[in-house]
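Undergrad: So that you have it, the file is entry21.tsv, and it contains TSV, C-alpha atoms and all ligand atoms:
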```tsv
chain	number	residue	atom	x	y	z
A	58	MET	CA	-31.22	7.92	-38.45
A	59	SER	CA	-29.31	5.42	-36.32
A	60	THR	CA	-25.60	5.93	-35.81
A	61	TRP	CA	-24.80	2.96	-38.01
A	62	ASN	CA	-27.10	4.15	-40.75
A	63	ARG	CA	-25.74	7.66	-40.59
A	64	ARG	CA	-22.15	6.42	-40.77
A	65	HIS	CA	-23.06	4.12	-43.61
A	66	TRP	CA	-24.72	6.96	-45.46
A	67	ILE	CA	-21.74	9.27	-44.92
A	68	ALA	CA	-19.40	6.56	-46.17
A	69	LEU	CA	-21.55	6.08	-49.26
A	70	ALA	CA	-21.78	9.82	-49.87
A	71	GLY	CA	-17.98	10.03	-49.46
A	72	GLY	CA	-17.61	7.29	-52.02
A	73	MET	CA	-19.89	9.10	-54.40
A	74	ALA	CA	-17.98	12.31	-53.92
A	75	ALA	CA	-14.73	10.47	-54.52
A	76	GLY	CA	-16.27	9.09	-57.68
A	77	LEU	CA	-17.23	12.54	-58.88
A	78	HIS	CA	-13.80	13.99	-58.19
A	79	PRO	CA	-11.16	11.43	-59.09
A	80	GLY	CA	-8.45	13.63	-57.56
A	81	CYS	CA	-9.94	13.40	-54.06
A	82	ARG	CA	-8.42	11.14	-51.41
A	83	SER	CA	-10.08	7.80	-51.26
A	84	LYS	CA	-11.89	6.59	-48.12
A	85	GLU	CA	-9.04	4.15	-47.43
A	86	THR	CA	-6.40	6.86	-47.00
A	87	ALA	CA	-8.69	9.30	-45.11
A	88	VAL	CA	-9.51	6.85	-42.29
A	89	LYS	CA	-6.50	5.82	-40.23
A	90	LYS	CA	-6.49	3.05	-37.68
A	91	ALA	CA	-7.91	3.91	-34.25
A	92	VAL	CA	-5.51	5.54	-31.76
A	93	ALA	CA	-5.26	3.77	-28.38
A	94	ILE	CA	-6.48	6.08	-25.60
A	95	GLY	CA	-3.08	6.06	-23.88
A	96	GLU	CA	-1.35	7.23	-27.05
A	97	TYR	CA	-3.75	10.08	-27.71
A	98	GLU	CA	-2.01	13.40	-27.11
A	99	PRO	CA	-4.05	16.07	-28.89
A	100	LYS	CA	-2.38	19.45	-29.23
A	101	SER	CA	-4.72	22.36	-28.57
A	102	MET	CA	-5.31	24.59	-31.58
A	103	LEU	CA	-6.49	27.47	-29.42
A	104	HIS	CA	-4.51	30.67	-29.81
A	105	VAL	CA	-4.87	32.17	-26.35
A	106	PRO	CA	-2.54	34.20	-24.11
A	107	GLU	CA	0.09	32.26	-22.21
A	108	THR	CA	1.37	34.07	-19.13
A	109	LYS	CA	4.62	32.84	-17.59
A	110	VAL	CA	4.52	33.38	-13.83
A	111	LEU	CA	8.06	32.59	-12.72
A	112	ARG	CA	7.60	33.89	-9.18
A	113	SER	CA	4.49	34.19	-7.06
A	114	ARG	CA	3.13	37.72	-6.58
A	115	PHE	CA	3.58	37.37	-2.79
A	116	PRO	CA	5.75	35.07	-0.64
A	117	VAL	CA	4.25	31.62	-0.36
A	118	ILE	CA	3.71	29.21	2.50
A	119	ASP	CA	3.12	25.82	0.86
A	120	VAL	CA	1.18	24.01	3.58
A	121	HIS	CA	1.06	20.62	1.87
A	122	THR	CA	4.37	18.97	1.04
A	123	HIS	CA	6.03	15.63	1.68
A	124	LEU	CA	9.72	16.19	2.28
A	125	THR	CA	10.13	13.06	4.38
A	126	PHE	CA	8.26	9.81	4.64
A	127	SER	CA	7.66	7.90	7.83
A	128	PRO	CA	7.75	4.08	7.95
A	129	GLY	CA	4.44	2.38	7.03
A	130	LEU	CA	1.40	1.72	9.21
A	131	GLY	CA	2.46	0.53	12.66
A	132	LYS	CA	6.17	0.34	11.72
A	133	THR	CA	8.90	2.15	13.61
A	134	GLY	CA	12.22	3.59	12.50
A	135	ASP	CA	13.60	6.87	11.17
A	136	ASN	CA	11.94	8.93	8.45
A	137	ILE	CA	13.38	8.93	4.96
A	138	ASP	CA	14.25	12.25	3.32
A	139	THR	CA	12.99	12.39	-0.27
A	140	VAL	CA	15.90	14.79	-0.96
A	141	PRO	CA	18.20	16.82	1.31
A	142	PRO	CA	17.04	20.35	2.26
A	143	GLU	CA	19.89	21.84	0.22
A	144	GLU	CA	18.22	20.60	-2.98
A	145	VAL	CA	14.88	22.12	-2.11
A	146	LEU	CA	15.97	25.58	-0.94
A	147	PRO	CA	17.23	26.95	-4.30
A	148	VAL	CA	13.88	26.13	-5.95
A	149	MET	CA	12.05	27.79	-3.07
A	150	ASP	CA	14.18	30.92	-3.47
A	151	ARG	CA	13.59	31.04	-7.23
A	152	LYS	CA	9.83	30.61	-6.90
A	153	ASN	CA	9.31	32.93	-3.90
A	154	ILE	CA	8.35	30.11	-1.52
A	155	ARG	CA	9.18	31.29	1.94
A	156	THR	CA	8.13	28.17	3.82
A	157	MET	CA	7.26	24.56	3.09
A	158	VAL	CA	5.17	22.59	5.56
A	159	ASN	CA	6.20	18.95	5.67
A	160	LEU	CA	3.04	17.12	6.66
A	161	THR	CA	4.54	13.64	6.85
A	162	GLY	CA	6.90	14.30	9.74
A	163	GLY	CA	6.22	10.96	11.42
A	164	ARG	CA	6.26	10.56	15.19
A	165	GLY	CA	8.47	10.09	18.25
A	166	ALA	CA	12.23	10.14	17.78
A	167	ALA	CA	11.89	10.12	13.98
A	168	LEU	CA	9.83	13.30	14.16
A	169	GLU	CA	12.40	14.96	16.41
A	170	ASN	CA	15.22	14.04	14.01
A	171	THR	CA	13.24	15.43	11.10
A	172	ILE	CA	12.57	18.68	12.95
A	173	ALA	CA	16.31	18.95	13.69
A	174	ARG	CA	17.38	18.26	10.08
A	175	TRP	CA	14.84	20.54	8.41
A	176	GLN	CA	13.00	22.95	10.67
A	177	LYS	CA	15.74	23.84	13.18
A	178	ALA	CA	18.58	23.77	10.65
A	179	HIS	CA	16.73	26.22	8.37
A	180	PRO	CA	14.61	28.48	10.57
A	181	GLY	CA	11.49	29.83	8.92
A	182	ARG	CA	11.89	27.71	5.79
A	183	PHE	CA	10.42	24.38	6.90
A	184	LEU	CA	7.67	23.45	9.34
A	185	THR	CA	6.80	19.93	10.43
A	186	PHE	CA	3.56	18.12	11.31
A	187	VAL	CA	3.28	15.05	13.54
A	188	GLU	CA	1.37	11.90	12.56
A	189	PRO	CA	-0.69	9.58	14.79
A	190	SER	CA	0.84	6.42	16.28
A	191	TYR	CA	-1.62	4.00	14.74
A	192	GLY	CA	0.54	1.05	15.79
A	193	LYS	CA	-0.92	1.40	19.28
A	194	SER	CA	-4.49	2.25	18.23
A	195	GLY	CA	-5.76	-1.18	19.36
A	196	GLU	CA	-4.31	-0.91	22.88
A	197	PRO	CA	-6.50	0.03	25.86
A	198	GLY	CA	-4.58	3.17	26.89
A	199	TYR	CA	-4.36	4.51	23.35
A	200	PRO	CA	-6.61	7.60	23.57
A	201	ARG	CA	-4.60	9.17	26.40
A	202	PHE	CA	-1.26	7.97	25.00
A	203	GLN	CA	-2.01	9.56	21.62
A	204	ALA	CA	-2.97	12.89	23.17
A	205	ASP	CA	0.26	12.88	25.22
A	206	GLU	CA	2.29	12.07	22.09
A	207	ILE	CA	0.79	15.13	20.36
A	208	GLU	CA	1.78	17.28	23.32
A	209	LYS	CA	5.34	15.90	23.24
A	210	ALA	CA	5.50	16.56	19.51
A	211	HIS	CA	4.29	20.10	20.10
A	212	ASN	CA	7.03	20.64	22.68
A	213	ALA	CA	9.55	19.29	20.19
A	214	GLY	CA	8.43	21.88	17.62
A	215	ALA	CA	5.68	20.22	15.56
A	216	LYS	CA	3.24	22.78	14.20
A	217	GLY	CA	0.21	20.61	13.49
A	218	LEU	CA	-1.17	17.10	13.13
A	219	LYS	CA	-1.45	15.30	9.80
A	220	VAL	CA	-4.09	12.62	9.29
A	221	THR	CA	-3.93	10.79	5.99
A	222	LYS	CA	-6.76	9.05	4.17
A	223	ALA	CA	-5.51	5.85	5.86
A	224	LEU	CA	-7.99	6.79	8.59
A	225	GLY	CA	-11.24	5.58	7.12
A	226	LEU	CA	-9.78	3.61	4.22
A	227	VAL	CA	-6.76	1.60	5.39
A	228	LEU	CA	-6.45	1.42	9.19
A	229	ARG	CA	-8.27	-1.61	10.64
A	230	GLU	CA	-8.96	-2.94	14.12
A	231	ASN	CA	-5.85	-5.16	13.96
A	232	LEU	CA	-3.94	-2.61	11.84
A	233	THR	CA	-4.24	-4.47	8.54
A	234	SER	CA	-7.07	-6.87	9.33
A	235	GLY	CA	-10.50	-6.65	10.91
A	236	ARG	CA	-13.04	-3.93	10.32
A	237	LEU	CA	-12.03	-0.48	9.14
A	238	ILE	CA	-11.75	2.03	11.99
A	239	ARG	CA	-14.09	4.96	11.46
A	240	ILE	CA	-12.83	8.53	11.29
A	241	ASP	CA	-15.17	9.53	14.12
A	242	ASP	CA	-14.20	6.61	16.37
A	243	PRO	CA	-14.21	8.04	19.93
A	244	ARG	CA	-10.73	6.69	20.66
A	245	PHE	CA	-9.36	9.69	18.72
A	246	ASP	CA	-11.35	12.32	20.61
A	247	PRO	CA	-8.51	13.24	23.04
A	248	MET	CA	-6.18	13.60	20.01
A	249	TRP	CA	-8.48	16.07	18.21
A	250	GLU	CA	-9.13	17.90	21.47
A	251	VAL	CA	-5.48	18.40	22.44
A	252	CYS	CA	-4.75	19.83	18.98
A	253	GLY	CA	-7.33	22.51	19.67
A	254	ALA	CA	-5.90	23.23	23.13
A	255	LEU	CA	-2.36	23.56	21.71
A	256	LYS	CA	-3.49	25.59	18.65
A	257	MET	CA	-2.18	22.93	16.30
A	258	PRO	CA	-4.23	22.74	13.09
A	259	VAL	CA	-5.21	19.26	11.90
A	260	GLY	CA	-4.34	18.71	8.23
A	261	ILE	CA	-6.80	15.98	7.33
A	262	HIS	CA	-7.13	14.12	4.05
A	263	THR	CA	-10.37	12.17	3.93
A	264	SER	CA	-11.66	9.99	1.12
A	265	ASP	CA	-10.37	10.54	-2.42
A	266	PRO	CA	-11.66	11.73	-5.82
A	267	GLU	CA	-15.26	10.64	-6.40
A	268	ALA	CA	-14.19	8.64	-9.44
A	269	PHE	CA	-12.05	6.40	-7.21
A	270	PHE	CA	-15.26	5.01	-5.69
A	271	LEU	CA	-16.76	4.03	-9.04
A	272	PRO	CA	-16.06	1.04	-11.31
A	273	ILE	CA	-12.95	1.36	-13.49
A	274	ASP	CA	-14.81	1.37	-16.78
A	275	ARG	CA	-15.43	3.47	-19.87
A	276	PHE	CA	-17.70	5.84	-17.93
A	277	ASN	CA	-15.05	6.65	-15.32
A	278	GLU	CA	-13.58	10.11	-15.93
A	279	ARG	CA	-10.26	8.99	-14.43
A	280	TYR	CA	-10.13	5.69	-16.24
A	281	GLU	CA	-6.53	5.94	-17.46
A	282	GLU	CA	-5.18	6.83	-14.00
A	283	LEU	CA	-7.12	4.07	-12.25
A	284	ASN	CA	-6.33	1.57	-14.96
A	285	ALA	CA	-2.62	2.26	-14.38
A	286	HIS	CA	-3.07	2.15	-10.57
A	287	PRO	CA	-5.96	-0.21	-9.79
A	288	ASP	CA	-4.90	-0.21	-6.12
A	289	TRP	CA	-6.02	3.46	-5.93
A	290	SER	CA	-9.61	2.37	-6.39
A	291	PHE	CA	-11.91	2.15	-3.36
A	292	HIS	CA	-14.80	0.65	-5.28
A	293	GLY	CA	-16.44	-2.40	-3.76
A	294	GLN	CA	-15.07	-4.64	-0.97
A	295	ASP	CA	-15.93	-3.22	2.46
A	296	TYR	CA	-15.02	0.37	1.65
A	297	PRO	CA	-17.36	3.12	2.85
A	298	SER	CA	-18.69	5.51	0.23
A	299	ASN	CA	-17.18	8.94	-0.28
A	300	MET	CA	-20.17	10.50	1.44
A	301	GLN	CA	-19.96	8.18	4.47
A	302	LEU	CA	-16.31	9.17	4.90
A	303	GLN	CA	-17.09	12.87	4.49
A	304	GLU	CA	-19.93	12.70	7.00
A	305	ALA	CA	-17.74	10.93	9.57
A	306	ARG	CA	-15.17	13.74	9.25
A	307	LEU	CA	-17.90	16.36	9.60
A	308	ARG	CA	-19.05	14.74	12.84
A	309	VAL	CA	-15.47	15.06	14.15
A	310	ILE	CA	-15.31	18.70	13.06
A	311	ALA	CA	-18.64	19.39	14.79
A	312	ARG	CA	-17.58	17.61	17.97
A	313	HIS	CA	-14.36	19.63	18.36
A	314	PRO	CA	-15.26	23.24	17.60
A	315	LYS	CA	-12.07	24.61	19.20
A	316	THR	CA	-9.86	22.58	16.85
A	317	GLN	CA	-9.04	23.94	13.38
A	318	PHE	CA	-9.51	21.30	10.68
A	319	LEU	CA	-7.61	22.01	7.47
A	320	CYS	CA	-9.37	19.75	4.98
A	321	LEU	CA	-6.77	18.87	2.37
A	322	HIS	CA	-7.53	18.67	-1.36
A	323	VAL	CA	-10.46	21.15	-0.99
A	324	ALA	CA	-12.29	18.51	1.12
A	325	ASN	CA	-14.33	17.32	-1.89
A	326	ALA	CA	-13.20	19.38	-4.87
A	327	GLU	CA	-15.75	18.04	-7.35
A	328	ASP	CA	-18.63	19.57	-5.38
A	329	LEU	CA	-17.90	23.12	-4.29
A	330	GLY	CA	-21.59	23.69	-3.50
A	331	LEU	CA	-21.49	20.97	-0.89
A	332	VAL	CA	-18.11	22.10	0.50
A	333	SER	CA	-19.59	25.60	0.84
A	334	GLN	CA	-22.50	24.24	2.88
A	335	TRP	CA	-20.04	22.46	5.17
A	336	MET	CA	-17.89	25.57	5.59
A	337	ASP	CA	-20.96	27.67	6.38
A	338	ARG	CA	-21.96	25.19	9.05
A	339	HIS	CA	-18.49	24.71	10.59
A	340	ALA	CA	-16.46	27.84	11.36
A	341	ASN	CA	-13.46	25.63	12.31
A	342	MET	CA	-13.19	24.13	8.81
A	343	LEU	CA	-10.50	25.36	6.41
A	344	VAL	CA	-9.45	23.96	3.03
A	345	GLU	CA	-6.21	23.54	1.11
A	346	ILE	CA	-5.92	23.21	-2.68
A	347	GLY	CA	-3.07	20.70	-3.23
A	348	ALA	CA	-3.39	18.38	-6.23
A	349	ARG	CA	-6.87	19.76	-6.96
A	350	ILE	CA	-6.24	22.68	-9.34
A	351	GLY	CA	-7.35	20.21	-12.01
A	352	GLU	CA	-10.77	20.19	-10.36
A	353	LEU	CA	-10.95	23.88	-9.44
A	354	GLY	CA	-9.70	25.02	-12.83
A	355	ARG	CA	-12.28	23.10	-14.82
A	356	GLN	CA	-15.03	25.01	-12.99
A	357	PRO	CA	-13.28	28.41	-12.90
A	358	ARG	CA	-16.37	30.56	-12.36
A	359	ALA	CA	-17.59	28.47	-9.41
A	360	ALA	CA	-14.03	28.29	-8.08
A	361	ARG	CA	-13.57	32.05	-8.33
A	362	LYS	CA	-16.78	32.60	-6.33
A	363	PHE	CA	-15.57	30.03	-3.80
A	364	PHE	CA	-12.29	31.93	-3.34
A	365	ASP	CA	-14.16	35.23	-3.00
A	366	ARG	CA	-16.46	33.82	-0.33
A	367	TYR	CA	-13.91	31.80	1.67
A	368	GLN	CA	-10.81	33.92	1.08
A	369	ASP	CA	-9.90	33.77	4.77
A	370	ARG	CA	-10.15	29.97	4.95
A	371	ILE	CA	-8.30	28.72	1.86
A	372	LEU	CA	-4.60	27.83	2.15
A	373	PHE	CA	-2.06	27.32	-0.60
A	374	GLY	CA	-0.65	23.80	-0.95
A	375	THR	CA	0.74	21.67	-3.76
A	376	ASP	CA	1.07	18.17	-2.24
A	377	ALA	CA	4.63	18.34	-3.58
A	378	ILE	CA	6.95	15.37	-3.40
A	379	PRO	CA	10.51	16.24	-4.44
A	380	LYS	CA	11.09	12.98	-6.33
A	381	GLY	CA	9.13	10.49	-8.39
A	382	ASP	CA	7.29	10.25	-11.69
A	383	GLU	CA	4.12	8.35	-10.80
A	384	THR	CA	2.17	11.51	-10.02
A	385	PRO	CA	3.43	14.38	-12.21
A	386	GLN	CA	0.83	16.68	-10.62
A	387	GLN	CA	2.91	16.47	-7.42
A	388	VAL	CA	6.54	16.50	-8.55
A	389	PHE	CA	8.20	19.43	-6.82
A	390	GLY	CA	10.02	21.91	-9.02
A	391	ASP	CA	9.78	25.13	-11.00
A	392	ALA	CA	7.26	23.76	-13.48
A	393	LEU	CA	4.76	22.68	-10.82
A	394	ASP	CA	4.85	25.95	-8.90
A	395	GLU	CA	4.53	28.01	-12.08
A	396	ILE	CA	1.29	26.20	-12.95
A	397	TYR	CA	-0.18	26.92	-9.51
A	398	PHE	CA	0.80	30.61	-9.73
A	399	ARG	CA	-0.62	30.86	-13.26
A	400	PHE	CA	-3.86	29.26	-12.10
A	401	LEU	CA	-4.32	31.61	-9.15
A	402	GLU	CA	-2.96	34.84	-10.63
A	403	THR	CA	-3.91	34.91	-14.33
A	404	GLU	CA	-7.03	34.65	-16.44
A	405	ASP	CA	-5.26	32.40	-18.96
A	406	GLU	CA	-7.55	29.78	-20.43
A	407	TYR	CA	-7.26	26.11	-21.26
A	408	PHE	CA	-3.82	25.13	-20.00
A	409	ASP	CA	-2.35	22.00	-18.43
A	410	TYR	CA	-2.81	21.55	-14.68
A	411	ALA	CA	0.27	19.32	-14.37
A	412	PRO	CA	3.75	19.28	-15.92
A	413	ALA	CA	3.07	16.16	-17.98
A	414	ARG	CA	2.60	15.09	-21.61
A	415	LYS	CA	-0.94	13.97	-20.84
A	416	PRO	CA	-3.24	15.37	-18.12
A	417	PRO	CA	-2.71	12.75	-15.39
A	418	GLN	CA	-5.89	13.23	-13.34
A	419	GLY	CA	-8.44	13.27	-16.13
A	420	ARG	CA	-8.41	14.43	-19.75
A	421	TRP	CA	-9.19	18.08	-19.42
A	422	ARG	CA	-7.43	21.42	-19.09
A	423	ILE	CA	-7.98	24.35	-16.77
A	424	SER	CA	-8.52	28.10	-16.75
A	425	GLY	CA	-7.01	30.61	-14.35
A	426	LEU	CA	-8.91	32.43	-11.60
A	427	GLY	CA	-7.23	35.85	-11.79
A	428	LEU	CA	-7.58	36.42	-8.05
A	429	THR	CA	-7.24	39.95	-6.64
A	430	GLU	CA	-4.05	40.93	-4.83
A	431	ALA	CA	-5.93	41.04	-1.52
A	432	ILE	CA	-7.10	37.44	-1.91
A	433	LEU	CA	-3.75	36.25	-3.23
A	434	LYS	CA	-1.99	37.59	-0.15
A	435	LYS	CA	-4.35	35.68	2.13
A	436	VAL	CA	-4.17	32.42	0.19
A	437	TYR	CA	-0.41	32.56	-0.39
A	438	ASN	CA	0.60	33.30	3.18
A	439	ALA	CA	-1.61	35.29	5.57
A	440	ASN	CA	-4.12	32.51	6.28
A	441	ALA	CA	-1.40	29.93	6.89
A	442	GLU	CA	0.57	32.36	9.03
A	443	ARG	CA	-2.47	32.94	11.23
A	444	GLU	CA	-3.11	29.18	11.63
A	445	MET	CA	0.50	28.11	12.27
A	446	ARG	CA	1.74	30.76	14.63
A	501	ZN	ZN	-0.36	14.83	0.42
```
Go through the file and emit its structure as structure tokens.
Ligand SMILES: [Zn+2]
TA:
Amino acid sequence: MSTWNRRHWIALAGGMAAGLHPGCRSKETAVKKAVAIGEYEPKSMLHVPETKVLRSRFPVIDVHTHLTFSPGLGKTGDNIDTVPPEEVLPVMDRKNIRTMVNLTGGRGAALENTIARWQKAHPGRFLTFVEPSYGKSGEPGYPRFQADEIEKAHNAGAKGLKVTKALGLVLRENLTSGRLIRIDDPRFDPMWEVCGALKMPVGIHTSDPEAFFLPIDRFNERYEELNAHPDWSFHGQDYPSNMQLQEARLRVIARHPKTQFLCLHVANAEDLGLVSQWMDRHANMLVEIGARIGELGRQPRAARKFFDRYQDRILFGTDAIPKGDETPQQVFGDALDEIYFRFLETEDEYFDYAPARKPPQGRWRISGLGLTEAILKKVYNANAEREMR
């Protein structure tokens, strides 16, 4: 029976039933008008345990946070603090977060000021990463200059290098025009190499969720998010595919075996099988989980196996930004940390991955992994401690 016929038949049968039992609700009152997708907020009717994890089982090093922002591509000037350190520290103390790593520490004098305001003013609580000077990436002496800048940053106290998804998706030959510069462009080789020599891990975000490379239509699992932020889409134009970006990063990882590459957002969280193959092939590849518990927690059995297998190479991160409401899955605070702890520590089922009225990165909920204490210790702090000595 076709869908229309079936519906028609059900409607007729309903009418007949209503006719037989005059007290029944009529078809008119039973069918309400359609709910717009954005207004749909179903409440789960599952009665399942809800574990409140107010503090992490072990002290945490959150390796993926954005406490400051540097001026845009090619611009100079000081970094902007999202909030002062004094607003962040009480939350850290409540949640058992020993250290936050600020990945967007900028470069040059701005980086040094940021290190002074955060890292030096509060020893042990904040660490800072340096970012590349893309403004000079088109100049002839850039490869050497960039490597020297990393060394200066290291001497100033920077603990690692952060490379955003701008490499591969935004940065072009003339900064904002011309062809996109590839992640494995040889001009960056001295930069990757010096990080290895100085034992500075490279926190690298490449590509984006797979859905961001697909049309924004009714088949897209992140339709609502992309519909609200069409500029987050990398579908069409001259953008490389997710796999082209991933493969370019893998070539970099292969070419610099002495450099530790911390692939942010689980590298490609929708495909843990593929990430596993990459990690088996490249001993210098690590991953971080920030803003991807929504992906890990909707495949909890595969994720649990992934944590068992790569327990020495997974680092805790949240991608936290202390202010803002555009991305609730990243807003720093008690609620966000408690969700991460619940996900890693408990076997609770079917709960929200973000502190928001509606799941912001796709309409699903997650289940916890219930990791062992030995694995929790590594993921919460020991792995990060080893990499950022
Ligand atoms: Zn981030």
Undergrad: Can you pull out the residues contacting region 220-232 of chain A? Cut-off 6 Å, using all atoms listed in the file, and skip same-chain residues under 4 positions away; I want them as a PyMOL selection string.
TA: chain A and resi 236-240+261-264
Undergrad: Pick from A:His121, A:His339, A:Lys132, A:Lys90: nearest to ligand ZN 501 (chain A), with all atoms listed in the file counted?
TA: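 Closest to ligand ZN 501 (chain A) of all the choices is A:His121.
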Undergrad: Out of A:Gly253, A:Gly195, A:Pro128, A:Gly374, which residue has the shortest atom-to-atom distance to ligand ZN 501 (chain A) when counting all atoms listed in the file?
TA: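 Comparing A:Gly253, A:Gly195, A:Pro128, A:Gly374 against ligand ZN 501 (chain A), the winner is A:Gly374.
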Undergrad: What are the closest atom pairs, with distances in Å to one decimal, for all residues of chain A lying within 9 Å of ligand ZN 501 (chain A)? Consider only C-alpha atoms and all ligand atoms, order rows by chain and residue number, and present the result as JSON lines.
TA:
```
{"residue": "A:His121", "atom": "CA", "partner": "A:ZN501", "partner_atom": "ZN", "distance": 6.1}
{"residue": "A:Thr122", "atom": "CA", "partner": "A:ZN501", "partner_atom": "ZN", "distance": 6.3}
{"residue": "A:His123", "atom": "CA", "partner": "A:ZN501", "partner_atom": "ZN", "distance": 6.6}
{"residue": "A:Leu160", "atom": "CA", "partner": "A:ZN501", "partner_atom": "ZN", "distance": 7.5}
{"residue": "A:Thr161", "atom": "CA", "partner": "A:ZN501", "partner_atom": "ZN", "distance": 8.2}
{"residue": "A:Thr221", "atom": "CA", "partner": "A:ZN501", "partner_atom": "ZN", "distance": 7.8}
{"residue": "A:His262", "atom": "CA", "partner": "A:ZN501", "partner_atom": "ZN", "distance": 7.7}
{"residue": "A:Leu321", "atom": "CA", "partner": "A:ZN501", "partner_atom": "ZN", "distance": 7.8}
{"residue": "A:His322", "atom": "CA", "partner": "A:ZN501", "partner_atom": "ZN", "distance": 8.3}
{"residue": "A:Gly347", "atom": "CA", "partner": "A:ZN501", "partner_atom": "ZN", "distance": 7.4}
{"residue": "A:Ala348", "atom": "CA", "partner": "A:ZN501", "partner_atom": "ZN", "distance": 8.1}
{"residue": "A:Thr375", "atom": "CA", "partner": "A:ZN501", "partner_atom": "ZN", "distance": 8.1}
{"residue": "A:Asp376", "atom": "CA", "partner": "A:ZN501", "partner_atom": "ZN", "distance": 4.5}
{"residue": "A:Ala377", "atom": "CA", "partner": "A:ZN501", "partner_atom": "ZN", "distance": 7.3}
{"residue": "A:Ile378", "atom": "CA", "partner": "A:ZN501", "partner_atom": "ZN", "distance": 8.3}
{"residue": "A:Gln387", "atom": "CA", "partner": "A:ZN501", "partner_atom": "ZN", "distance": 8.7}
```
Undergrad: Between CA of Ala340 (chain A) and CA of Ile310 (chain A), what is the distance, to one decimal in Å?
TA: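 These atoms are spaced 9.4 Å apart.
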Undergrad: Please determine, counting only C-alpha atoms, which residue among A:Gly163, A:Pro266, A:Gly260, A:Gly427 has the shortest atom-to-atom distance to Glu444 (chain A).
TA: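 Nearest candidate to Glu444 (chain A) out of A:Gly163, A:Pro266, A:Gly260, A:Gly427: A:Gly260.
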Undergrad: Quick one: distance from CA of Ala173 (chain A) to CA of Lys152 (chain A) in Å, one decimal?
TA: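 Separation of CA of Ala173 (chain A) and CA of Lys152 (chain A): 24.5 Å.
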Undergrad: Measuring between all atoms listed in the file, which one of A:Val323, A:Leu255, A:Leu433, A:Ile273 shows the shortest distance to His286 (chain A)?
TA: A:Ile273
Undergrad: Looking at A:Val145, A:Ala166, A:Leu218, A:Leu319, which one is nearest to Ala441 (chain A), with distances taken over only C-alpha atoms?
TA: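 Once distances to Ala441 (chain A) are computed over only C-alpha atoms, the minimum belongs to A:Leu319.
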